[in-house]
Structures are given as structure tokens and as C-alpha cells.
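Asks: Here it is, the structure, as C-alpha cells.
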Amino acid sequence: MWWQKYKDAGQRFHKQLIGFTQPSLALIVSGISFCYFLAFLSLIPQLPGLIGDHGLLPVRLLKNAYYQNYGILGIWEMKSLAWWVHSGLGLQVVATIGLASSLLAVLGRFRRVSLLVSWIVYGSLFVAGQSFLSFQWDSLLLESGIVALCMTFALQSTHKETWATLLLVRLLASKVMLSAGLAKWMSGDIWWREGTALMVHFETQPLPTVLGWMAHQLSGDVLLWGMAFMWVSEIIAPLLAFIPGRTRFYSALCMLLFQGSILLTGNYG
């Protein structure tokens, strides 16, 4: 019939929409690889000034400290390519290797080997970077790299192995959110427990955006509801991520909205 082609086009569009809202493992791996690419891209010009021979925290001094305490076994204790390469230019070359390998992983070429090289290089810089690379997002990138490597094995494996890999993703996402919430509560800080932290949060966070300034102008009642949303997102939603069906969907939606609000109101690089 004449209308069949329109029906077929509609069905193809529906399948594409489902594929977009339910990304494949390959797409997730490429996304994580792209995060590695951006991390290396931002690090390369900074390395000489941060940890090069004439930098703020020369990695050569860190290597010497390991050697003095452990001797030749310091290689194992330090676990970094910076044991052999510690000049500013040398570190930039190592980071460039990580940049190239992460780009190959994004493009789907030699994905498993490329991801492994990216993980090793970033792990080496993580150790060598000392105070400059000791933040939660640095640890998260390394953990995400392990999950992405597991995904590469599941790409052409059985449904059971794919399910186990997706479980790792949920565990990682839930751990990040839940640990953030528990850290706030267990700190004993009265600002978090009484729900007044948002009254000063937006003006004290890293480089507030225009939306952050606008959020700071909201009434105390609205900010109190914002705190309630934060507790739900960081304590309750991560626990619901393992319940099948719509509950898991709303759990993910809650965490995504919360992360989106952080992204819009502050600049975390």
C-alpha cells in the first residue's frame, strides 16, 4: 500500500530513538575513552609547570623518596612510568601516548589495547601528579577505565557476561553518589544535617556560574527543598538503582538531574 513506506519510516525512527535512549556498550566505552582524551588534552601543557624538573612538585623528588625508603623495590611501590620518565618534556611525551591511545579507543580501533594503555598512562600520571591529581574525579576516571575494559570483553560475549558488566556500571555510579552523601552526613557538619548548606554553597563552590548566582538568591524554603532533593539523590536513589523496572529508571533520572544541576550552577572543569 502507498502508506506502507511511511509506516516503515516511522518504525525505523522508533528503533533509532530506542537506540539513542538505550546506548550500546560500545557507545559507553567510547564515551569513557573520550573522557580520557579530554583529561590528557588538558594535562599535556600543564605537566612541566606542575611536576616537571622545575615544576611546583617535581616528580623526581617523589621518585627519590620512594628509592630512599624501598630501594629498587620502589619501582613496585610507586607504580608509575614516572620512575623512568620525570622531565617535563618526557612526561608530555608519555601523556601524548595516552592521548593517542584514548583517541583510538574513541574511534573503536584496537579498543581493548588502547583503553589499557590509556589507563596505565593516566594511572602513572595520577601517582606522579601528587596533590594536583588526587581528587575524586581522578580516581573515578581510573575506576571507569576498569569498567570500560570489562565492557570490551562483554561486547561480543554472552548475555550473562553483558549483564555482569552493566552491574559494574551501576555499582560504580551508586558508589560515587552514595559515598558523597554519606561523607556529608558522617562529617557531623551541622550545615548539612540541618539543611542550611545550600544557603552558602553556591557562593563558595568553584567558579559559580550565572545560574549559580541566581540559585543563591532563592528563598530559604526553596533551598531547603533543594537539600531534600540532594539527600534523595545521594542516599536513596543509589540504593534503588538495583531494583528492576521503572524504579531503576527513576533512580537514574534522579541522579542525572542532580548531576545536571551541579553542572549548571558551578564550574568543576
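Residue names in the C-alpha cells use chain letters A, B, ... in the order shown, residue numbers from 1 in each chain, and ligand numbers from 1 in the order shown.
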Excluding region 162-171 of chain A and its own-chain neighbours fewer than 6 positions away, which residues fall within 9 Å of it when counting only C-alpha atoms? Please give them as a ChimeraX atom specification.

Replies: /A:25,144,147-148,150-151,153-156,238,241-242

Asks: I need the chosen residues saved as a compact mmCIF listing (two decimals), in the first residue's frame, with N, CA and C atoms.

Replies:
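File part09.txt, as written:
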```txt
# COMPACT_ATOMS: atom_id res chain seq x y z
N LEU A 25 26.89 -0.86 24.68
CA LEU A 25 28.13 -0.90 25.45
C LEU A 25 29.25 -0.20 24.69
N SER A 144 36.46 4.08 36.16
CA SER A 144 35.67 3.96 34.94
C SER A 144 36.45 3.23 33.85
N VAL A 147 36.05 -0.45 34.36
CA VAL A 147 34.72 -0.86 33.91
C VAL A 147 34.66 -0.91 32.39
N ALA A 148 35.24 0.10 31.73
CA ALA A 148 35.24 0.13 30.27
C ALA A 148 36.01 -1.05 29.69
N CYS A 150 36.28 -3.99 31.07
CA CYS A 150 35.38 -5.14 31.22
C CYS A 150 34.32 -5.13 30.13
N MET A 151 33.86 -3.93 29.75
CA MET A 151 32.86 -3.83 28.68
C MET A 151 33.40 -4.33 27.35
N PHE A 153 35.33 -6.75 26.85
CA PHE A 153 35.24 -8.21 26.83
C PHE A 153 33.79 -8.67 26.65
N ALA A 154 32.84 -7.83 27.09
CA ALA A 154 31.43 -8.20 27.02
C ALA A 154 30.80 -7.84 25.67
N LEU A 155 31.50 -7.04 24.85
CA LEU A 155 30.91 -6.58 23.60
C LEU A 155 30.50 -7.73 22.68
N GLN A 156 31.30 -8.80 22.69
CA GLN A 156 31.00 -9.95 21.83
C GLN A 156 30.82 -11.21 22.65
N PRO A 238 20.72 5.93 44.85
CA PRO A 238 21.74 4.91 44.54
C PRO A 238 21.34 3.51 44.98
N ALA A 241 18.92 1.83 42.49
CA ALA A 241 19.45 1.57 41.14
C ALA A 241 19.50 0.08 40.81
N PHE A 242 19.32 -0.76 41.81
CA PHE A 242 19.44 -2.20 41.58
C PHE A 242 18.08 -2.89 41.51
```

Asks: Which residues are close to Pro45 (chain A), i.e. within 10 Å by only C-alpha atoms, leaving aside same-chain residues fewer than 4 positions away? Reply as a ChimeraX atom specification.

Replies: /A:40-41,49-50,88-89,92,95

Asks: What's the separation between CA of Gly55 (chain A) and CA of Tyr70 (chain A), in Å to one decimal place?

Replies: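 Going from CA of Gly55 (chain A) over to CA of Tyr70 (chain A), I get 24.5 Å.
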
Asks: Considering only C-alpha atoms, can you say which of A:Leu198, A:Leu218, A:Ala252, A:Ile32 comes closest to Leu103 (chain A)?

Replies: A:Ile32

Asks: Check the smallest atom-to-atom distance from each of A:Tyr67, A:Phe135, A:Trp231, A:Phe37 to Ala105 (chain A) using only C-alpha atoms, then report the winner.

Replies: A:Phe37

Asks: Among the residues of region 103-262 of chain A, find those DSSP assigns to alpha helix (DSSP H) from the backbone and print them as an MDAnalysis selection string.

Replies: chainID A and resid 103:106 111:128 136:154 159:186 190:193 198:204 210:216 220:231 237:240 246:262

Asks: I'd like to know which of A:Leu141, A:Ser33, A:Ile235, A:Leu207 is closest to Ala183 (chain A), using only C-alpha atoms.

Replies: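 Answer, going by the shortest atom-to-atom distance: A:Ile235.
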
Asks: One number please: CA of Lys63 (chain A) to CA of Leu142 (chain A), in Å, one decimal.

Replies: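 Result for CA of Lys63 (chain A) versus CA of Leu142 (chain A): 21.6 Å, one decimal.
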
Asks: Please provide as a CSV table (one decimal) with all heavy atoms, in the first residue's frame all residues within 9 Å of Leu239 (chain A), with the sequence filter that same-chain residues fewer than 3 positions apart are discarded (counting only C-alpha atoms).

Replies:
```csv
chain,number,residue,atom,x,y,z
A,174,SER,N,26.5,4.1,41.7
A,174,SER,CA,25.9,4.1,43.0
A,174,SER,C,26.9,4.4,44.1
A,174,SER,O,26.7,5.2,45.0
A,174,SER,CB,25.2,2.8,43.3
A,174,SER,OG,24.2,2.6,42.4
A,178,LEU,N,26.5,7.5,46.6
A,178,LEU,CA,26.3,7.2,48.0
A,178,LEU,C,27.4,7.6,48.9
A,178,LEU,O,27.2,8.1,50.0
A,178,LEU,CB,26.1,5.6,48.1
A,178,LEU,CG,25.7,5.1,49.5
A,178,LEU,CD1,24.3,5.7,49.9
A,178,LEU,CD2,25.5,3.6,49.4
A,235,ILE,N,21.5,9.5,48.7
A,235,ILE,CA,21.4,8.4,49.6
A,235,ILE,C,20.4,7.3,49.2
A,235,ILE,O,20.6,6.1,49.2
A,235,ILE,CB,20.9,8.9,51.0
A,235,ILE,CG1,22.0,9.9,51.6
A,235,ILE,CG2,20.7,7.8,52.0
A,235,ILE,CD1,23.3,9.3,51.9
A,236,ILE,N,19.2,7.8,48.7
A,236,ILE,CA,18.1,6.8,48.4
A,236,ILE,C,18.2,6.3,47.0
A,236,ILE,O,18.2,5.1,46.7
A,236,ILE,CB,16.7,7.5,48.7
A,236,ILE,CG1,16.6,7.9,50.1
A,236,ILE,CG2,15.6,6.6,48.2
A,236,ILE,CD1,15.3,8.6,50.4
A,242,PHE,N,19.3,-0.8,41.8
A,242,PHE,CA,19.4,-2.2,41.6
A,242,PHE,C,18.1,-2.9,41.5
A,242,PHE,O,18.0,-4.1,41.4
A,242,PHE,CB,20.3,-2.8,42.7
A,242,PHE,CG,21.7,-2.2,42.8
A,242,PHE,CD1,21.9,-1.2,43.7
A,242,PHE,CD2,22.7,-2.6,41.9
A,242,PHE,CE1,23.2,-0.6,43.8
A,242,PHE,CE2,23.9,-2.1,42.0
A,242,PHE,CZ,24.2,-1.1,42.9
A,243,ILE,N,17.0,-2.1,41.6
A,243,ILE,CA,15.7,-2.6,41.5
A,243,ILE,C,15.2,-2.5,40.1
A,243,ILE,O,15.2,-1.5,39.5
A,243,ILE,CB,14.7,-1.9,42.4
A,243,ILE,CG1,15.2,-2.0,43.9
A,243,ILE,CG2,13.3,-2.4,42.3
A,243,ILE,CD1,14.3,-1.2,44.9
A,251,SER,N,15.4,6.1,39.5
A,251,SER,CA,16.6,6.3,40.3
A,251,SER,C,17.7,7.0,39.4
A,251,SER,O,18.3,7.9,39.8
A,251,SER,CB,17.1,4.9,40.7
A,251,SER,OG,18.4,5.0,41.2
```

Asks: Suppose you want the space between CA of Val59 (chain A) and CA of Asn267 (chain A); what is it in Å?

Replies: 28.2 Å

Asks: Could you tell me which of A:Gln130, A:Arg248, A:Thr265, A:Phe229 comes closest to Pro206 (chain A) if we count only C-alpha atoms?

Replies: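 So, comparing all the options, the nearest one is A:Thr265.
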
Asks: Which residue is closest to Met177 (chain A)? Choose from A:Tyr122, A:Tyr250, A:Trp191, A:Phe258 and count only C-alpha atoms.

Replies: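 Checking each candidate against Met177 (chain A), we get A:Phe258 as the closest.
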
Asks: Identify which of the residues A:Ile72, A:Ala197, A:Leu211, A:Leu223 lies closest to Gly260 (chain A), counting only C-alpha atoms when measuring atom-to-atom distances.

Replies: A:Leu211
